[in-house]
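The structure appears right after this line, and notes come after that.
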Amino acid sequence: MATKKNPNNNRNNNKKLQELEVNREDGTDQFLTTNQGLRINDNQNSLKAGERGATLLEDFILREKITHFDHERIPERIVHARGSAAHGVFKVYESMAKYTKAKFLQDPSRETPVFVRFSTVAGSRGSTDLARDVRGFAVKFYTDEGNYDLVGNNIPVFFIQDAIKFPDLVHAVKPEPHNEIPQAASAHDTFWDFISLMPESMHMIMWLMSDRAIPRSFRMMEGFGVHTFRFVNEAGKATFVKFHWKPLLGVHSVAWDEAQKISGKDPDFHRRDLWEAIENGDFPEWELGVQLVAEADEHKFEFDLLDSTKIIPEELVPVQRIGKLTLNRNPDNFFAETEQVAFHLGHVVSGIDFTNDPLLQGRLFSYTDTQLKRLGSPNFHEIPINRTVAPLHNNQRDGHMRQTINQGRVSYEPNTLAGGCPFQAAMKDGGFHTFEERVDAKKVRARSESFHDHFSQATLFYNSQSPAEQKHIVDALRFELGKVETVAVRERMLGLLKQVGTGLADKVAAGLGLLVPRKAEEPMNRSFGADTNPKSVQPKKVKSSIEKSEALSMENTVKNSIKTRKVAALIADGFDGDALDAMKKALEAEGAMLKTVAPKLGAIKSASGKEITADFSFLTAASVLFDAVYVPGGAASIEMLGGEADAYHFVNEAFRHCKAIAATGEGVDFVGDTFVSRAKDDAGVILGEKAGKVAGDFIAAIAQHRNWDREMTRKVPA
Ligand code: HDD
């Protein structure tokens with residue numbers, strides 16, 4: 001789709017941009033050259049012994065070009081291979097100096113440049129954006145004190161408690177190794193075989209089977225740092241902190257049937273959405289939230305703060321919003337920036353520190369290790385997108401593709417020959433000082449008993465969902481487990497779901513045509529070494545201090561805006577031009593877009609003879625790519641649309657996916673011939689004579705995102 005260039009999307013004057021500028025290349029008005037700067041005279045023909053003769057080894061221009069091409073690919077990320085990114089800025093609202101000495105969290109006038117990469121986890125680089133999957137939400141802050149990476153997800157918990165299980169988890173979810181099937185999908189035997197033996201994953205599974213795993217847009221996702229981290233202030237006092245990103249547009253998702261169809265119609269749906277929003281000047285925004293817990297309160301919860309399968313419910317510790325992230329510039333080059341960016345949990349600044357969460361601890365090793373493999377050199381920090389804007393001086397030298405030209409003969413410390421430089425920084429000068437946590441323990445391979453409850457928060461999550469959201473979880477489990485061929489795996493999963501309680505297992509079992517096992521398989525918990533008797537350490541359900549948490553349901557999210565929403569208007573020659581204009585004006589006034597879809601591309605004439613150019617034809621658009629549909633009147637237009645199966649399908653499918661539908665004039669007759677006629681009382685169906693009159697209700701219905709209740713009562717084939 002064509003995008004209008006955003007006039008505000010220019011390069012603001014920050015240090016990171018100046019840095020990137022040095023490496024930007026633009027061939028405008030320039031000669032074509034070799035990598036050595038030699039001007040090329042013929043880029044069409046290789047050097048041959050005669051016009052019909054063999055190519056000569058001497059052709060250094062050919063060899064240089066082909067060699068470079070042969071080496072263009074680097075290994076994709078082992079997880080999170082499929083991603084999209086953007087540049088932006090972060091600003092704190094007011095100083096957090098009471099809790100952290102991190103300077104970028106202290107000065108509200110300071111704009112910190114950021115680069116944010118969103119991703120799916122399981123699929124390859126070219127896989128669909130709409131997989132049912134966790135989304136990565138990785139933020140690199142280029143602070144004046146060094147790079148800080150907050151490498152999180154759009155789900156606040158994780159599958160496993162200990163990093164030693166990560167390779168197993170990833171092997172299980174990736175395409176099965178014998179036939180490389182299925183791509184970017186968890187609906188297969190190896191994933192559920194593993195999960196059915198890992199009760200600790202049940203909380204995460206609830207989130208993953210919910211609509212959170214099929215977001216409407218990266219711009220409409222929450223983000224979470226997942227682990228408990230530490231803030232440390234100037235006095236050395238630590239406070240536990242959990243990080244949240246709260247999208248200002250709210251948290252919204254698509255329907256699973258829709259996700260599967262988008263995967264065919266536009267597998268780049270999320271990438272395109274992010275790109276176009278930024279090009280259009282609709283800059284995505286999130287607020288940074290923190291949950292703060294005093295060190296003294298570490299043990300006051302019924303769960304362990306070090307356990308990444310647990311949240312701190314917002315009812316227990318409210319999320320304070322402390323700053324804003326705005327994405328305002330698309331990358332210039334996907335490979336140079338989005339592909340080469342290297343995140344690492346260990347990229348911290350003074351004032352932010354770790355905890356002993358065993359998942360976090362393992363990650364501290366994995367990220368640099370993987371960059372070495374993927375980017376191929378310990379100098380990956382010199383790639384422009386990874387460079388810090390803070391001064392960098394140390395005695396590390398050489399290595400593949402070294403760019404820095406270090407001067408002088410001293411590359412060791414201590415030294416006198418360079419006057420002792422570069423020298424260590426005292427704490428008062430920002431030198432990083434690890435939080436002095438007291439340790440007095442035996443070396444053991446073990447899991448703390450405080451990690452043994454695997455079900456309470458899974459139940460809390462399920463109980464906190466609206467009826468429609470619960471139905472989606474049941475349907476998702478029926479889908480995923482229905483794709484599992486090994487019946488014993490399905491049954492083991494039912495045994496686990498039974499422990500989540502609340503009738504969930506019965507509902508899933510009914511769809512699978514199975515019975516819920518009367519007793520969960522005995523040594524269900526395999527998270528112990530060979531010498532531990534699992535029966536003595538079975539997972540225990542702890543009583544949650546709350547029954548429900550409003551923040552866990554997307555039903556309670558922001559629903560007061562239709563900004564950036566896409567509405568399709570179905571038109572053909574003879575459409576009611578005044579109605580279309582009025583609706584477009586009303587929608588655009590609220591920040592939404594109206595795009596026309598017609599039986600053909602090119603000029604379409606209104607009833608009064610005015611021509612407009614159709615944005616899409618029924619072949620190039622589909623209802624799944626829009627948030628809502630409008631059918632204006634115009635007798636001739638409606639008659640022509642009446643002959644288009646695709647036009648009926650468009651409306652029926654939008655109805656099935658619970659979207660807002662409006663029709664005016666003769667358009668009302670058209671939707672009367674669709675399944676919409678079954679639902680005249682539906683809050684998301686707005687019918688009337690004049691566009692100006694129905695626009696208000698239509699806008700209110702779009703702002704609700706979807707009328708999910710519709711699917712609880714209607715059956716619509718589409
Ligand atoms: Fe990870 C990438 C997030 C657990 C090992 N991870 C990666 C990315 C995100 C996360 C967002 C993509 C970064 C990018 O856009 O380049 N990972 C998480 C979260 C986890 C988590 C939120 C749990 C709370 N990860 C985790 C564990 C390990 C890894 C336990 C290993 C022990 N993750 C990696 C990795 C990746 C990675 C292999 C692949 C590519 C990369 O790092 O740069 O190192």
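Every chain in the structure tokens takes a letter, A first, then B, and so on in the order presented; its residues are numbered from 1, and the ligands are numbered from 1 following the presented order.
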For this session: Find the residues around region 642-658 of chain A up to 9 Å (only C-alpha atoms counted), leave out those fewer than 6 positions away in its own chain, and share them as a ChimeraX atom specification.
Result: /A:254-255,257-258,570,598-599,618-619,622-624,626-631,670-671,673-676,684-685,705-711,714-718
Problem set entry | Long-range neighbours of Phe194 (chain A) as number ranges by chain, 10 Å cut-off, only C-alpha atoms, 2 positions minimum in chain | A: 168-169, 171-173, 189-192, 196-199, 201, 489
Store the residues picked out above in a file with N, CA, C and O atoms, as a JSON list (two decimals), in the first residue's frame.
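part-v7.json, written as the output of this step:
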[["chain", "number", "residue", "atom", "x", "y", "z"],
["A", 168, "ASP", "N", 15.65, -27.13, 25.65],
["A", 168, "ASP", "CA", 14.61, -28.16, 25.51],
["A", 168, "ASP", "C", 13.31, -27.53, 25.02],
["A", 168, "ASP", "O", 12.66, -28.05, 24.11],
["A", 169, "LEU", "N", 12.96, -26.42, 25.65],
["A", 169, "LEU", "CA", 11.72, -25.72, 25.27],
["A", 169, "LEU", "C", 11.76, -25.34, 23.79],
["A", 169, "LEU", "O", 10.82, -25.57, 23.03],
["A", 171, "HIS", "N", 13.74, -26.48, 21.35],
["A", 171, "HIS", "CA", 13.73, -27.66, 20.46],
["A", 171, "HIS", "C", 12.32, -28.21, 20.31],
["A", 171, "HIS", "O", 11.93, -28.67, 19.24],
["A", 172, "ALA", "N", 11.55, -28.16, 21.41],
["A", 172, "ALA", "CA", 10.21, -28.74, 21.36],
["A", 172, "ALA", "C", 9.26, -27.90, 20.50],
["A", 172, "ALA", "O", 8.42, -28.45, 19.79],
["A", 173, "VAL", "N", 9.43, -26.58, 20.53],
["A", 173, "VAL", "CA", 8.46, -25.74, 19.82],
["A", 173, "VAL", "C", 8.83, -25.51, 18.36],
["A", 173, "VAL", "O", 7.97, -25.28, 17.51],
["A", 189, "ASP", "N", 3.07, -32.17, 18.07],
["A", 189, "ASP", "CA", 3.31, -33.12, 19.16],
["A", 189, "ASP", "C", 4.48, -32.77, 20.06],
["A", 189, "ASP", "O", 4.38, -32.86, 21.29],
["A", 190, "THR", "N", 5.62, -32.39, 19.50],
["A", 190, "THR", "CA", 6.79, -32.23, 20.37],
["A", 190, "THR", "C", 6.60, -31.09, 21.37],
["A", 190, "THR", "O", 7.01, -31.20, 22.53],
["A", 191, "PHE", "N", 5.96, -30.01, 20.93],
["A", 191, "PHE", "CA", 5.74, -28.90, 21.87],
["A", 191, "PHE", "C", 4.86, -29.36, 23.03],
["A", 191, "PHE", "O", 5.22, -29.21, 24.20],
["A", 192, "TRP", "N", 3.74, -29.99, 22.71],
["A", 192, "TRP", "CA", 2.80, -30.33, 23.78],
["A", 192, "TRP", "C", 3.28, -31.52, 24.60],
["A", 192, "TRP", "O", 2.93, -31.67, 25.77],
["A", 196, "SER", "N", 3.37, -30.91, 28.47],
["A", 196, "SER", "CA", 2.57, -31.79, 29.33],
["A", 196, "SER", "C", 3.40, -32.38, 30.46],
["A", 196, "SER", "O", 2.86, -32.90, 31.42],
["A", 197, "LEU", "N", 4.73, -32.26, 30.32],
["A", 197, "LEU", "CA", 5.62, -32.76, 31.38],
["A", 197, "LEU", "C", 6.21, -31.61, 32.20],
["A", 197, "LEU", "O", 7.07, -31.83, 33.05],
["A", 198, "MET", "N", 5.77, -30.39, 31.90],
["A", 198, "MET", "CA", 6.33, -29.21, 32.58],
["A", 198, "MET", "C", 5.20, -28.40, 33.21],
["A", 198, "MET", "O", 4.79, -27.35, 32.68],
["A", 199, "PRO", "N", 4.68, -28.86, 34.32],
["A", 199, "PRO", "CA", 3.55, -28.13, 34.92],
["A", 199, "PRO", "C", 3.88, -26.67, 35.20],
["A", 199, "PRO", "O", 2.98, -25.82, 35.24],
["A", 201, "SER", "N", 4.85, -24.60, 33.30],
["A", 201, "SER", "CA", 4.52, -23.76, 32.15],
["A", 201, "SER", "C", 3.04, -23.36, 32.11],
["A", 201, "SER", "O", 2.63, -22.60, 31.23],
["A", 489, "VAL", "N", -0.47, -37.62, 24.86],
["A", 489, "VAL", "CA", -0.04, -36.24, 25.13],
["A", 489, "VAL", "C", -1.27, -35.37, 25.39],
["A", 489, "VAL", "O", -1.31, -34.58, 26.35]]
Exercise. Got a sec: who's within 10 Å of region 490-505 of chain A, counting only C-alpha atoms, leaving out chain neighbours fewer than 6 positions off, as a ChimeraX atom specification?
Worked result: /A:189,192-193,195-199,202-203,205-206,454-463,470-471,473-474,477-478,480-484,512,514-521,524,541
For this session: Skip Leu274 (chain A) itself and residues of its chain fewer than 2 positions away, then list as a PyMOL selection string all residues within 8 Å of it, counting only C-alpha atoms.
Result: chain A and resi 217-219+270-272+276-278
For this session: Identify, on the basis of only C-alpha atoms, every residue whose closest approach to Ile352 (chain A) does not exceed 10 Å; exclude the query and any residue fewer than 6 positions from it along the same chain; express the result as a ChimeraX atom specification.
Result: /A:99-102,148,229-233,238-241,432,434-435
How would the residues just chosen look if you wrote them out with C-alpha atoms as a CSV table (one decimal), in the first residue's frame?
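What ended up in selection-v1.csv:
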chain,number,residue,atom,x,y,z
A,99,TYR,CA,15.1,4.5,43.6
A,100,THR,CA,17.7,4.5,40.9
A,101,LYS,CA,20.9,6.4,40.1
A,102,ALA,CA,20.3,5.7,36.3
A,148,TYR,CA,20.7,-0.3,28.5
A,229,PHE,CA,15.2,-6.7,38.6
A,230,ARG,CA,16.7,-4.2,41.0
A,231,PHE,CA,16.9,-0.5,41.1
A,232,VAL,CA,19.8,0.8,43.1
A,233,ASN,CA,20.0,4.4,44.2
A,238,ALA,CA,18.1,-1.5,46.3
A,239,THR,CA,14.4,-1.8,45.4
A,240,PHE,CA,12.9,-4.7,43.5
A,241,VAL,CA,11.4,-3.6,40.2
A,432,PHE,CA,29.3,0.2,37.9
A,434,THR,CA,27.3,-4.6,41.6
A,435,PHE,CA,24.7,-4.7,44.3
Exercise. What residues have any atom no more than 6 Å from ligand 1 when counting only C-alpha atoms and all ligand atoms, and can you list them as a list in words?
Worked result: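 Going residue by residue within 6 Å of ligand 1, we get Arg77, Ile78, Val79, His80, Arg117, Phe118, Gly136, Phe137, Ala138, Val151, Gly152, Asn153, Phe158, Ala163, Phe166, Val226, Ala342, Phe343, Leu359, Gly362, Arg363, Ser366, Tyr367, Thr370 and Gln371 of chain A.
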For this session: Work out how far apart CA of Ser553 (chain A) and CA of Ser466 (chain A) are and give it in Å to one decimal.
Result: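 CA of Ser466 (chain A) lies at a distance of 6.8 Å from CA of Ser553 (chain A).
Nearest residue to Ile638 (chain A) among A:Gly574, A:Ala700, A:Val89, A:Asp107 is A:Gly574, counting only C-alpha atoms.
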